[in-house]
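query_13.txt (compact mmCIF, C-alpha atoms) appears below.
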# COMPACT_ATOMS: atom_id res chain seq x y z
CA MET Q 1 23.51 54.33 -79.40
CA ASN Q 2 21.18 55.80 -81.96
CA THR Q 3 18.06 54.76 -83.78
CA ASN Q 4 16.11 55.71 -86.85
CA PRO Q 5 12.55 54.37 -87.26
CA TYR Q 6 13.53 50.82 -88.25
CA SER Q 7 17.05 50.19 -87.00
CA ILE Q 8 19.13 50.25 -83.84
CA SER Q 9 22.91 50.55 -84.07
CA GLN Q 10 25.46 50.15 -81.28
CA HIS Q 11 28.84 51.84 -81.36
CA THR Q 12 31.98 51.09 -79.37
CA LEU Q 13 34.58 53.67 -78.35
CA GLU Q 14 37.91 52.41 -79.69
CA GLN Q 15 41.51 53.63 -79.81
CA HIS Q 16 43.03 55.10 -82.95
CA THR Q 17 46.61 54.65 -81.78
CA MET Q 18 48.50 52.98 -78.96
CA ASP Q 19 51.14 55.22 -77.44
CA LYS Q 20 52.19 56.81 -74.17
CA ASP Q 21 48.89 58.67 -73.95
CA SER Q 22 46.76 55.56 -74.38
CA ALA Q 23 46.30 55.20 -70.62
CA VAL Q 24 44.06 58.25 -70.74
CA CYS Q 25 41.69 56.28 -72.96
CA GLN Q 26 41.12 53.49 -70.46
CA ARG Q 27 40.28 55.50 -67.37
CA GLU Q 28 37.72 54.15 -64.97
CA ALA Q 29 34.27 55.62 -65.55
CA SER Q 30 34.20 56.97 -61.97
CA GLU Q 31 37.37 59.07 -62.39
CA PRO Q 32 36.71 62.76 -63.08
CA LEU Q 33 38.14 64.22 -66.28
CA GLU Q 34 39.37 67.72 -66.88
CA HIS Q 35 38.42 69.25 -70.22
CA ALA Q 36 42.00 69.15 -71.48
CA GLN Q 37 42.23 65.44 -70.67
CA PHE Q 38 38.94 64.85 -72.47
CA CYS Q 39 40.27 66.59 -75.60
CA MET Q 40 43.42 64.44 -75.48
CA MET Q 41 41.31 61.30 -75.11
CA LEU Q 42 39.18 62.16 -78.14
CA THR Q 43 42.29 62.52 -80.31
CA HIS Q 44 42.93 58.80 -79.77
CA LEU Q 45 39.39 57.46 -79.60
CA CYS Q 46 36.42 57.26 -81.91
CA TYR Q 47 33.13 55.40 -82.00
CA LYS Q 48 32.99 52.42 -84.33
CA LEU Q 49 29.87 50.50 -85.34
CA THR Q 50 29.90 47.12 -83.58
CA ARG Q 51 26.47 45.68 -84.26
CA LYS Q 52 22.96 46.33 -85.47
CA LEU Q 53 19.92 45.03 -83.69
CA ASP Q 54 17.52 43.49 -86.18
CA CYS Q 55 14.27 45.46 -86.16
CA ASP Q 56 13.51 45.25 -89.86
CA CYS Q 57 10.46 43.05 -89.32
CA ARG Q 58 9.03 45.30 -86.62
CA SER Q 59 7.38 48.68 -86.56
CA THR Q 60 8.99 52.05 -85.89
CA VAL Q 61 11.39 52.25 -82.94
CA THR Q 62 10.05 55.00 -80.68
CA THR Q 63 12.25 54.93 -77.58
CA LEU Q 64 15.42 53.39 -76.10
CA ALA Q 65 16.70 53.04 -72.53
CA PHE Q 66 19.71 51.37 -70.91
CA SER Q 67 19.21 49.63 -67.57
CA PRO Q 68 20.85 51.37 -64.57
CA LYS Q 69 23.98 49.19 -64.61
CA GLY Q 70 24.10 49.02 -68.40
CA SER Q 71 23.42 45.29 -68.68
CA TYR Q 72 20.35 45.63 -70.88
CA LEU Q 73 18.94 47.85 -73.58
CA ALA Q 74 15.16 48.18 -73.85
CA ALA Q 75 13.53 49.29 -77.11
CA GLY Q 76 9.92 50.34 -77.54
CA HIS Q 77 8.00 50.17 -80.81
CA LEU Q 78 5.03 51.88 -82.36
CA ASP Q 79 3.10 48.59 -82.45
CA GLY Q 80 3.38 48.21 -78.65
CA THR Q 81 6.26 45.71 -78.66
CA LEU Q 82 8.97 45.89 -75.99
CA LEU Q 83 12.34 44.28 -76.75
CA ILE Q 84 15.03 43.76 -74.10
CA CYS Q 85 18.51 42.93 -75.38
CA SER Q 86 21.94 42.29 -73.91
CA ALA Q 87 23.94 45.54 -74.08
CA PHE Q 88 27.20 43.68 -74.77
CA SER Q 89 26.16 40.94 -77.22
CA GLY Q 90 23.10 42.56 -78.78
CA GLU Q 91 21.19 39.30 -78.29
CA MET Q 92 17.46 39.70 -77.83
CA LEU Q 93 16.59 38.27 -74.41
CA HIS Q 94 12.92 39.13 -73.98
CA GLU Q 95 10.08 40.19 -76.24
CA VAL Q 96 6.87 41.51 -74.69
CA TYR Q 97 3.73 42.38 -76.61
CA VAL Q 98 2.48 45.12 -74.37
CA ALA Q 99 -0.79 45.97 -76.08
CA SER Q 100 -2.19 45.25 -79.51
CA GLY Q 101 -2.60 48.39 -81.57
CA VAL Q 102 -1.30 50.67 -78.80
CA SER Q 103 2.05 52.40 -79.24
CA LEU Q 104 4.84 52.21 -76.65
CA LEU Q 105 6.26 55.72 -76.37
CA SER Q 106 8.51 55.93 -73.29
CA ILE Q 107 10.64 53.64 -71.12
CA LEU Q 108 11.98 54.18 -67.60
CA TRP Q 109 14.09 51.66 -65.70
CA ILE Q 110 13.57 51.70 -61.94
CA ALA Q 111 16.70 53.12 -60.28
CA ASN Q 112 19.33 50.49 -59.39
CA ASN Q 113 17.01 47.73 -60.56
CA GLU Q 114 18.04 45.62 -63.55
CA CYS Q 115 14.77 43.71 -63.70
CA GLN Q 116 11.97 46.27 -63.53
CA LEU Q 117 10.94 49.06 -65.88
CA LEU Q 118 7.98 51.30 -66.58
CA CYS Q 119 6.54 51.94 -70.03
CA GLY Q 120 4.26 54.77 -71.15
CA LEU Q 121 1.64 53.85 -73.75
CA GLY Q 122 -0.27 55.80 -76.32
CA ASN Q 123 -3.60 55.29 -74.53
CA GLY Q 124 -2.61 56.91 -71.23
CA VAL Q 125 -1.66 53.67 -69.48
CA VAL Q 126 1.64 53.17 -67.64
CA ILE Q 127 2.72 49.54 -67.27
CA SER Q 128 5.28 47.95 -64.99
CA VAL Q 129 7.35 45.12 -66.48
CA THR Q 130 9.20 42.86 -64.03
CA ILE Q 131 11.67 40.28 -65.33
CA ALA Q 132 11.51 37.28 -62.99
CA THR Q 133 13.49 34.06 -63.20
CA TYR Q 134 10.92 32.07 -65.14
CA GLU Q 135 8.38 34.68 -66.21
CA ILE Q 136 7.74 38.31 -67.07
CA ILE Q 137 5.12 40.03 -64.92
CA VAL Q 138 3.19 42.93 -66.46
CA THR Q 139 0.86 45.20 -64.48
CA GLY Q 140 -0.46 48.67 -65.22
CA PHE Q 141 -2.65 51.61 -64.29
CA HIS Q 142 -4.43 54.46 -66.10
CA ALA Q 143 -2.25 57.52 -65.55
CA HIS Q 144 -4.00 59.81 -68.03
CA ASP Q 145 -7.30 59.74 -69.85
CA ASN Q 146 -6.50 58.25 -73.26
CA LEU Q 147 -3.55 60.59 -73.86
CA PRO Q 148 -0.09 59.42 -75.03
CA VAL Q 149 2.42 59.08 -72.17
CA GLU Q 150 5.51 60.40 -73.97
CA CYS Q 151 7.66 61.25 -70.93
CA LEU Q 152 8.56 59.34 -67.75
CA SER Q 153 11.00 60.34 -65.02
CA ILE Q 154 11.78 59.15 -61.49
CA SER Q 155 13.37 60.49 -58.30
CA GLY Q 156 13.39 58.21 -55.29
CA SER Q 157 9.88 56.80 -55.02
CA THR Q 158 8.31 59.60 -57.07
CA VAL Q 159 7.45 58.86 -60.70
CA VAL Q 160 6.48 61.68 -63.06
CA THR Q 161 4.35 61.12 -66.15
CA GLY Q 162 3.85 63.71 -68.87
CA VAL Q 163 1.27 64.01 -71.67
CA THR Q 164 0.54 67.15 -73.71
CA SER Q 165 -0.35 69.75 -71.03
CA GLU Q 166 -0.67 67.26 -68.14
CA VAL Q 167 2.17 66.42 -65.75
CA SER Q 168 1.42 64.13 -62.80
CA LEU Q 169 3.42 62.99 -59.77
CA TRP Q 170 2.88 59.43 -58.57
CA HIS Q 171 4.10 58.52 -55.08
CA HIS Q 172 4.48 54.79 -54.49
CA SER Q 173 4.02 53.07 -51.14
CA ALA Q 174 3.63 49.49 -50.10
CA SER Q 175 -0.16 49.62 -50.24
CA SER Q 176 -1.21 52.49 -52.45
CA MET Q 177 -0.34 55.00 -55.15
CA SER Q 178 -1.28 58.65 -54.87
CA CYS Q 179 -1.22 61.34 -57.52
CA GLY Q 180 -0.40 65.04 -57.60
CA ILE Q 181 -0.96 67.38 -60.54
CA ILE Q 182 1.50 70.07 -61.63
CA THR Q 183 -0.20 73.18 -62.95
CA PRO Q 184 1.09 74.20 -66.41
CA PRO Q 185 2.64 77.66 -66.85
CA LEU Q 186 0.49 80.67 -67.61
CA SER Q 187 0.52 81.97 -71.16
CA ILE Q 188 1.96 85.37 -71.99
CA VAL Q 189 1.28 87.64 -74.97
CA VAL Q 190 3.66 85.89 -77.36
CA ASN Q 191 2.26 82.39 -76.74
CA SER Q 192 -1.32 83.13 -75.68
CA ASN Q 193 -2.69 81.43 -78.79
CA SER Q 194 -0.34 78.41 -78.58
CA GLU Q 195 -1.32 75.03 -77.20
CA ILE Q 196 0.46 73.96 -74.00
CA ILE Q 197 2.56 70.93 -74.97
CA MET Q 198 5.00 69.31 -72.55
CA THR Q 199 8.10 67.90 -74.29
CA SER Q 200 10.66 66.84 -71.66
CA LEU Q 201 11.15 66.04 -67.96
CA HIS Q 202 14.35 66.10 -65.89
CA TRP Q 203 15.31 66.19 -62.21
CA ALA Q 204 18.00 68.58 -61.01
CA TRP Q 205 19.72 69.91 -57.91
CA THR Q 206 19.26 73.69 -58.21
CA LYS Q 207 19.62 76.74 -56.00
CA TYR Q 208 15.87 76.58 -55.47
CA SER Q 209 15.70 72.99 -54.23
CA ASP Q 210 17.76 69.81 -54.03
CA ASN Q 211 14.91 68.00 -55.75
CA THR Q 212 13.75 70.29 -58.55
CA LEU Q 213 11.72 68.96 -61.46
CA LEU Q 214 12.35 70.73 -64.77
CA ILE Q 215 9.46 70.58 -67.24
CA ALA Q 216 10.03 71.78 -70.81
CA TYR Q 217 7.14 73.01 -72.94
CA LEU Q 218 7.17 73.47 -76.69
CA HIS Q 219 5.88 77.06 -76.67
CA HIS Q 220 6.03 77.99 -72.99
CA GLY Q 221 9.67 77.60 -71.89
CA ILE Q 222 10.92 75.61 -68.91
CA LEU Q 223 9.22 75.40 -65.52
CA PHE Q 224 11.12 74.69 -62.27
CA TRP Q 225 8.94 72.79 -59.78
CA ASP Q 226 9.90 72.25 -56.12
CA VAL Q 227 8.51 68.82 -55.29
CA LYS Q 228 8.84 69.25 -51.52
CA LYS Q 229 6.98 72.57 -51.44
CA ALA Q 230 4.68 71.60 -54.33
CA LYS Q 231 5.02 74.93 -56.09
CA ILE Q 232 6.67 76.68 -59.02
CA VAL Q 233 9.99 78.20 -57.92
CA HIS Q 234 11.19 79.55 -61.26
CA PHE Q 235 10.07 79.94 -64.84
CA PHE Q 236 12.44 80.27 -67.77
CA TYR Q 237 10.84 81.58 -70.96
CA LEU Q 238 12.63 80.80 -74.24
CA LYS Q 239 11.88 82.43 -77.56
CA MET Q 240 12.47 79.22 -79.51
CA LEU Q 241 10.36 76.04 -79.69
CA VAL Q 242 11.75 73.58 -77.11
CA SER Q 243 11.55 69.94 -78.23
CA ALA Q 244 13.93 68.31 -75.70
CA MET Q 245 16.43 69.09 -72.95
CA HIS Q 246 19.13 67.39 -70.89
CA ILE Q 247 21.16 68.30 -67.79
CA SER Q 248 24.89 67.72 -67.39
CA PRO Q 249 26.10 65.27 -64.71
CA ASP Q 250 27.55 68.14 -62.63
CA ARG Q 251 24.06 69.76 -62.68
CA ASN Q 252 25.48 73.08 -63.84
CA THR Q 253 24.55 73.06 -67.51
CA LEU Q 254 21.38 72.63 -69.53
CA VAL Q 255 21.26 71.79 -73.24
CA VAL Q 256 18.06 72.51 -75.14
CA SER Q 257 17.02 71.12 -78.51
CA ASN Q 258 14.98 73.67 -80.44
CA LEU Q 259 12.98 72.98 -83.59
CA ASP Q 260 14.72 75.65 -85.63
CA SER Q 261 18.46 76.15 -85.41
CA GLY Q 262 19.77 73.25 -83.33
CA PHE Q 263 20.92 73.16 -79.71
CA ASP Q 264 21.49 75.84 -77.08
CA VAL Q 265 23.62 75.46 -73.94
CA TYR Q 266 22.63 77.37 -70.77
CA HIS Q 267 24.05 77.84 -67.29
CA LEU Q 268 21.36 76.15 -65.21
CA ASN Q 269 21.29 78.28 -62.06
CA ASN Q 270 21.10 81.68 -63.76
CA CYS Q 271 19.56 80.55 -67.08
CA THR Q 272 22.05 82.52 -69.18
CA LEU Q 273 23.04 81.36 -72.65
CA ASP Q 274 26.56 79.91 -72.87
CA GLY Q 275 26.53 79.12 -76.60
CA SER Q 276 24.80 77.29 -79.42
CA ILE Q 277 25.44 74.32 -81.70
CA LEU Q 278 24.05 75.10 -85.15
CA HIS Q 279 22.34 71.96 -86.38
CA PRO Q 280 19.13 72.61 -88.37
CA CYS Q 281 16.31 70.35 -87.21
CA HIS Q 282 13.79 71.38 -89.89
CA GLY Q 283 10.89 71.25 -87.45
CA HIS Q 284 11.65 67.73 -86.19
CA LYS Q 285 11.81 66.79 -82.51
CA ILE Q 286 15.47 65.82 -82.15
CA PRO Q 287 16.98 64.13 -79.05
CA VAL Q 288 19.98 65.66 -77.28
CA ALA Q 289 22.07 64.49 -74.30
CA PHE Q 290 25.31 65.20 -72.47
CA ILE Q 291 27.84 62.37 -72.63
CA HIS Q 292 31.38 61.77 -71.36
CA GLY Q 293 30.71 63.42 -68.01
CA GLY Q 294 29.21 66.49 -69.66
CA PHE Q 295 32.22 67.29 -71.86
CA ALA Q 296 30.40 66.31 -75.07
CA VAL Q 297 26.91 66.61 -76.49
CA LEU Q 298 25.18 63.80 -78.39
CA SER Q 299 22.45 64.92 -80.80
CA GLY Q 300 20.19 63.36 -83.40
CA SER Q 301 19.15 64.70 -86.79
CA PRO Q 302 16.35 64.41 -89.36
CA ILE Q 303 18.71 62.69 -91.85
CA GLY Q 304 19.77 59.51 -90.03
CA GLN Q 305 22.89 60.90 -88.40
CA VAL Q 306 24.01 61.31 -84.79
CA SER Q 307 26.56 64.01 -84.01
CA ILE Q 308 29.01 64.26 -81.12
CA SER Q 309 30.22 67.77 -80.31
CA ASP Q 310 32.54 69.30 -77.72
CA ALA Q 311 30.24 70.85 -75.09
CA SER Q 312 32.62 73.75 -74.41
CA SER Q 313 33.91 74.74 -77.87
CA ARG Q 314 30.86 73.32 -79.72
CA VAL Q 315 33.28 71.80 -82.28
CA LEU Q 316 31.94 68.74 -84.12
CA LEU Q 317 33.95 65.67 -83.06
CA GLN Q 318 32.32 62.78 -84.90
CA VAL Q 319 29.24 61.82 -86.92
CA LEU Q 320 27.61 58.38 -86.63
CA LYS Q 321 25.55 57.45 -89.68
CA HIS Q 322 22.65 55.13 -90.40
CA GLU Q 323 22.28 53.60 -93.84
CA ALA Q 324 18.72 54.91 -94.00
CA MET Q 325 18.28 58.69 -94.02
CA ASP Q 326 15.39 58.76 -91.56
CA THR Q 327 14.83 60.95 -88.52
CA VAL Q 328 16.71 59.82 -85.42
CA LEU Q 329 13.95 59.41 -82.84
CA SER Q 330 16.02 58.36 -79.83
CA ALA Q 331 19.66 58.40 -78.79
CA VAL Q 332 21.01 56.96 -75.52
CA VAL Q 333 24.48 56.39 -74.12
CA LYS Q 334 25.83 54.21 -71.33
CA LEU Q 335 29.54 53.93 -70.53
CA LEU Q 336 30.40 50.24 -70.22
CA VAL Q 337 33.85 48.71 -69.69
CA SER Q 338 34.15 45.22 -71.16
CA SER Q 339 36.63 42.53 -70.12
CA SER Q 340 38.87 43.61 -73.00
CA GLY Q 341 39.05 47.13 -71.62
CA LEU Q 342 37.01 48.70 -74.41
CA LEU Q 343 34.59 51.46 -73.62
CA HIS Q 344 31.12 50.90 -75.08

What would the structure in this file look like if it were written as structure tokens?
Amino acid sequence: MNTNPYSISQHTLEQHTMDKDSAVCQREASEPLEHAQFCMMLTHLCYKLTRKLDCDCRSTVTTLAFSPKGSYLAAGHLDGTLLICSAFSGEMLHEVYVASGVSLLSILWIANNECQLLCGLGNGVVISVTIATYEIIVTGFHAHDNLPVECLSISGSTVVTGVTSEVSLWHHSASSMSCGIITPPLSIVVNSNSEIIMTSLHWAWTKYSDNTLLIAYLHHGILFWDVKKAKIVHFFYLKMLVSAMHISPDRNTLVVSNLDSGFDVYHLNNCTLDGSILHPCHGHKIPVAFIHGGFAVLSGSPIGQVSISDASSRVLLQVLKHEAMDTVLSAVVKLLVSSSGLLH
């Protein structure tokens, strides 16, 4: 799934040929794959455009998110509109005007809940949207003082919100909501004159903690925060400008999108470089994510294309193209098995 500013396209993974190896292509999503099996699967499968969601009459698409079970796809827009569509049919099911003149910048579905999601707005507000049987319930709170909430993440009952240099932890209970602040990293000589700008949030199981929050900063590297001990346990400085990051499902590998040369793959626990995918970003913030159990990397581009590369060899496997040559602002993937046996 990829999106440029005014369009959303959905692709289905289909078979090229039907032969004795075709059984590999229809494995259950829960079955582990070896890398060799993944390579065999990709020789018989490719993504094919199945539908486009009509956003031509709306403003720029800023963010996308699949629901936990993959039933729905939520899309946020620059004009504050939230669209919720069926992931299989593409039909628009709900349309919510969150706030007039306020952009919707981030979406987070509540874990294992197909009817509740959080949205970060451009004015520092985080709203909760609950899809009930006969109505949609919207509530909200001021998370940050008139700053754009561009990142949301959740672990258990802890929600993390991120804006520029501010990262806050929100702990929910039945009667109240409390907040903790994460101190940004200290500047060093090479970035002492650079603004502290947070770009990405991810939870990971690391050697430091089984509940480590990774916070990426544009100029200041990646900070490892132990939520239980409420302290920094590691800091990973990178020489490039970090615009996004993602962690593999096995929690061993980190892929970083940099604003210059493309994407870099690191071993998470020792922070050593494993290799790079050259993919010039020309200064644009480009999304990146592991897919297919971590065997492939999905990445956007500033020219309306989404690339799929082998995570180990870094070989380009397929390119998905938009008709418009705009910057891909968001790219999300959810493995769905339809009644026909196709992987979506």

Residues near region 111-127 of chain Q, anyone? I mean within 8 Å using all atoms listed in the file, not counting same-chain ones fewer than 3 positions away, as an mmCIF file with C-alpha atoms, keeping the file's coordinate frame.
data_model
loop_
_atom_site.group_PDB
_atom_site.id
_atom_site.type_symbol
_atom_site.label_atom_id
_atom_site.label_comp_id
_atom_site.auth_asym_id
_atom_site.auth_seq_id
_atom_site.Cartn_x
_atom_site.Cartn_y
_atom_site.Cartn_z
ATOM 1 C CA SER Q 67 19.210 49.630 -67.570
ATOM 2 C CA PRO Q 68 20.850 51.370 -64.570
ATOM 3 C CA LYS Q 69 23.980 49.190 -64.610
ATOM 4 C CA SER Q 71 23.420 45.290 -68.680
ATOM 5 C CA TYR Q 72 20.350 45.630 -70.880
ATOM 6 C CA GLY Q 80 3.380 48.210 -78.650
ATOM 7 C CA VAL Q 102 -1.300 50.670 -78.800
ATOM 8 C CA SER Q 103 2.050 52.400 -79.240
ATOM 9 C CA LEU Q 104 4.840 52.210 -76.650
ATOM 10 C CA LEU Q 105 6.260 55.720 -76.370
ATOM 11 C CA SER Q 106 8.510 55.930 -73.290
ATOM 12 C CA ILE Q 107 10.640 53.640 -71.120
ATOM 13 C CA LEU Q 108 11.980 54.180 -67.600
ATOM 14 C CA THR Q 130 9.200 42.860 -64.030
ATOM 15 C CA ILE Q 131 11.670 40.280 -65.330
ATOM 16 C CA ALA Q 132 11.510 37.280 -62.990
ATOM 17 C CA VAL Q 138 3.190 42.930 -66.460
ATOM 18 C CA THR Q 139 0.860 45.200 -64.480
ATOM 19 C CA GLY Q 140 -0.460 48.670 -65.220
ATOM 20 C CA PHE Q 141 -2.650 51.610 -64.290
ATOM 21 C CA HIS Q 142 -4.430 54.460 -66.100
ATOM 22 C CA ALA Q 143 -2.250 57.520 -65.550
ATOM 23 C CA HIS Q 144 -4.000 59.810 -68.030
ATOM 24 C CA ASP Q 145 -7.300 59.740 -69.850
ATOM 25 C CA ASN Q 146 -6.500 58.250 -73.260
ATOM 26 C CA LEU Q 147 -3.550 60.590 -73.860
ATOM 27 C CA PRO Q 148 -0.090 59.420 -75.030
ATOM 28 C CA VAL Q 149 2.420 59.080 -72.170
ATOM 29 C CA GLU Q 150 5.510 60.400 -73.970
ATOM 30 C CA CYS Q 151 7.660 61.250 -70.930
ATOM 31 C CA LEU Q 152 8.560 59.340 -67.750
ATOM 32 C CA ILE Q 154 11.780 59.150 -61.490
ATOM 33 C CA GLY Q 156 13.390 58.210 -55.290
#

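Between CA of Gly283 (chain Q) and CA of Gly101 (chain Q) the separation is 27.2 Å.
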
Taking all atoms of region 62-81 of chain Q that the file lists and extending 3 Å past them on each side, where is the centre of the axis-aligned box and how long are its edges? Answer in Å to one decimal, as AutoDock Vina command-line options.
--center_x 13.6 --center_y 50.1 --center_z -73.5 --size_x 27.0 --size_y 15.7 --size_z 23.9

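Using only C-alpha atoms, the shortest contact distance between Asn211 (chain Q) and any of Q:Ala230, Q:Leu268, Q:Val129, Q:Val242 is found at Q:Ala230.
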
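Counting all atoms listed in the file and comparing Q:Trp203, Q:Phe224, Q:Phe295, Q:Tyr217, the residue that lies closest to Ala244 (chain Q) is Q:Tyr217.
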
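Considering all atoms listed in the file, the residue among Q:Lys48, Q:His94, Q:Arg314, Q:His234 positioned nearest to Thr206 (chain Q) is Q:His234.
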
ask   = What lies within 9 Å of His284 (chain Q) using only C-alpha atoms, ignoring chain neighbours under 6 positions off, as a PyMOL selection string?
value = chain Q and resi 243+258-260+301-302+327

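You can rank Q:Val255, Q:Ile188, Q:Leu93, Q:Ile277 by their closest distance to Lys239 (chain Q) using only C-alpha atoms, and at the top of that list sits Q:Ile188.
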
query = With distances taken over only C-alpha atoms, which of Q:Leu201, Q:Ile222, Q:Val315, Q:Leu278 is nearest to Ser153 (chain Q)?
reply = Q:Leu201

Which residue of Q:Ser309, Q:Thr158, Q:Ser200, Q:Ser248 approaches Pro287 (chain Q) most closely, using all atoms listed in the file = Q:Ser200

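Between CA of Lys231 (chain Q) and CA of Lys285 (chain Q) the separation is 28.5 Å.
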
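When the distance limit is 7 Å and all atoms listed in the file are what count, the residues near region 83-89 of chain Q, minus those fewer than 5 positions from it on the same chain, are Gly70, Ser71, Tyr72, Leu73, Ala74, Ala75, Gly76, His94, Glu95 and Val96 of chain Q.
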
key: Who sits within 9 Å of Ala296 (chain Q), only C-alpha atoms, same chain under 5 positions skipped, as a count of residues only   = 10

request  = For Asp274 (chain Q), please output as a ChimeraX atom specification all residues within 12 Å (counting all atoms listed in the file; exclusion window: fewer than 2 positions along the same chain).
outcome  = /Q:252-256,263-268,270-272,276-277,311-314

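CA of Thr50 (chain Q) lies 18.1 Å from CA of Leu298 (chain Q).
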
Per residue of region 202-224 of chain Q within 12 Å of region 177-186 of chain Q, record the nearest atom pair and its distance in Å to one decimal, counting all atoms listed in the file, with rows in chain order and ascending residue number, as CSV.
residue,atom,partner,partner_atom,distance
Q:Leu213,CA,Q:Ile182,CA,10.3
Q:Leu214,CA,Q:Ile182,CA,11.3
Q:Ile215,CA,Q:Pro184,CA,9.2
Q:Ala216,CA,Q:Pro185,CA,10.2
Q:Tyr217,CA,Q:Pro185,CA,8.9
Q:Leu218,CA,Q:Pro185,CA,11.6
Q:His219,CA,Q:Pro185,CA,10.4
Q:His220,CA,Q:Pro185,CA,7.0
Q:Gly221,CA,Q:Pro185,CA,8.7
Q:Ile222,CA,Q:Pro185,CA,8.8
Q:Leu223,CA,Q:Pro185,CA,7.1
Q:Phe224,CA,Q:Pro185,CA,10.1

Hey, could you patch up region 119-136 of chain Q with N, CA and C atoms and hand it over as a PDB file, in the frame of the given file?
ATOM      1  N   CYS Q 119       6.731  51.569 -68.640  1.00  0.00           N
ATOM      2  CA  CYS Q 119       6.540  51.940 -70.030  1.00  0.00           C
ATOM      3  C   CYS Q 119       5.292  52.805 -70.156  1.00  0.00           C
ATOM      4  N   GLY Q 120       5.402  53.907 -70.893  1.00  0.00           N
ATOM      5  CA  GLY Q 120       4.260  54.770 -71.150  1.00  0.00           C
ATOM      6  C   GLY Q 120       3.650  54.432 -72.495  1.00  0.00           C
ATOM      7  N   LEU Q 121       2.323  54.272 -72.533  1.00  0.00           N
ATOM      8  CA  LEU Q 121       1.640  53.850 -73.750  1.00  0.00           C
ATOM      9  C   LEU Q 121       0.844  54.994 -74.374  1.00  0.00           C
ATOM     10  N   GLY Q 122       0.436  54.783 -75.591  1.00  0.00           N
ATOM     11  CA  GLY Q 122      -0.270  55.800 -76.320  1.00  0.00           C
ATOM     12  C   GLY Q 122      -1.704  56.018 -75.886  1.00  0.00           C
ATOM     13  N   ASN Q 123      -2.218  55.158 -75.008  1.00  0.00           N
ATOM     14  CA  ASN Q 123      -3.600  55.290 -74.530  1.00  0.00           C
ATOM     15  C   ASN Q 123      -3.699  55.809 -73.105  1.00  0.00           C
ATOM     16  N   GLY Q 124      -2.591  56.354 -72.576  1.00  0.00           N
ATOM     17  CA  GLY Q 124      -2.610  56.910 -71.230  1.00  0.00           C
ATOM     18  C   GLY Q 124      -2.280  55.944 -70.125  1.00  0.00           C
ATOM     19  N   VAL Q 125      -1.977  54.699 -70.469  1.00  0.00           N
ATOM     20  CA  VAL Q 125      -1.660  53.670 -69.480  1.00  0.00           C
ATOM     21  C   VAL Q 125      -0.151  53.626 -69.244  1.00  0.00           C
ATOM     22  N   VAL Q 126       0.244  53.433 -67.994  1.00  0.00           N
ATOM     23  CA  VAL Q 126       1.640  53.170 -67.640  1.00  0.00           C
ATOM     24  C   VAL Q 126       1.712  51.737 -67.123  1.00  0.00           C
ATOM     25  N   ILE Q 127       2.588  50.936 -67.697  1.00  0.00           N
ATOM     26  CA  ILE Q 127       2.720  49.540 -67.270  1.00  0.00           C
ATOM     27  C   ILE Q 127       4.053  49.330 -66.581  1.00  0.00           C
ATOM     28  N   SER Q 128       4.058  48.381 -65.665  1.00  0.00           N
ATOM     29  CA  SER Q 128       5.280  47.950 -64.990  1.00  0.00           C
ATOM     30  C   SER Q 128       5.637  46.568 -65.497  1.00  0.00           C
ATOM     31  N   VAL Q 129       6.870  46.407 -65.962  1.00  0.00           N
ATOM     32  CA  VAL Q 129       7.350  45.120 -66.480  1.00  0.00           C
ATOM     33  C   VAL Q 129       8.451  44.616 -65.549  1.00  0.00           C
ATOM     34  N   THR Q 130       8.225  43.458 -64.943  1.00  0.00           N
ATOM     35  CA  THR Q 130       9.200  42.860 -64.030  1.00  0.00           C
ATOM     36  C   THR Q 130       9.716  41.567 -64.636  1.00  0.00           C
ATOM     37  N   ILE Q 131      11.041  41.464 -64.759  1.00  0.00           N
ATOM     38  CA  ILE Q 131      11.670  40.280 -65.330  1.00  0.00           C
ATOM     39  C   ILE Q 131      12.030  39.338 -64.194  1.00  0.00           C
ATOM     40  N   ALA Q 132      11.251  38.279 -64.022  1.00  0.00           N
ATOM     41  CA  ALA Q 132      11.510  37.280 -62.990  1.00  0.00           C
ATOM     42  C   ALA Q 132      12.309  36.129 -63.579  1.00  0.00           C
ATOM     43  N   THR Q 133      12.644  35.169 -62.753  1.00  0.00           N
ATOM     44  CA  THR Q 133      13.490  34.060 -63.200  1.00  0.00           C
ATOM     45  C   THR Q 133      12.850  33.254 -64.311  1.00  0.00           C
ATOM     46  N   TYR Q 134      11.576  32.939 -64.169  1.00  0.00           N
ATOM     47  CA  TYR Q 134      10.920  32.070 -65.140  1.00  0.00           C
ATOM     48  C   TYR Q 134       9.752  32.747 -65.856  1.00  0.00           C
ATOM     49  N   GLU Q 135       9.516  34.013 -65.582  1.00  0.00           N
ATOM     50  CA  GLU Q 135       8.380  34.680 -66.210  1.00  0.00           C
ATOM     51  C   GLU Q 135       8.584  36.187 -66.230  1.00  0.00           C
ATOM     52  N   ILE Q 136       7.771  36.854 -67.032  1.00  0.00           N
ATOM     53  CA  ILE Q 136       7.740  38.310 -67.070  1.00  0.00           C
ATOM     54  C   ILE Q 136       6.371  38.751 -66.578  1.00  0.00           C
TER      55      ILE Q 136
END
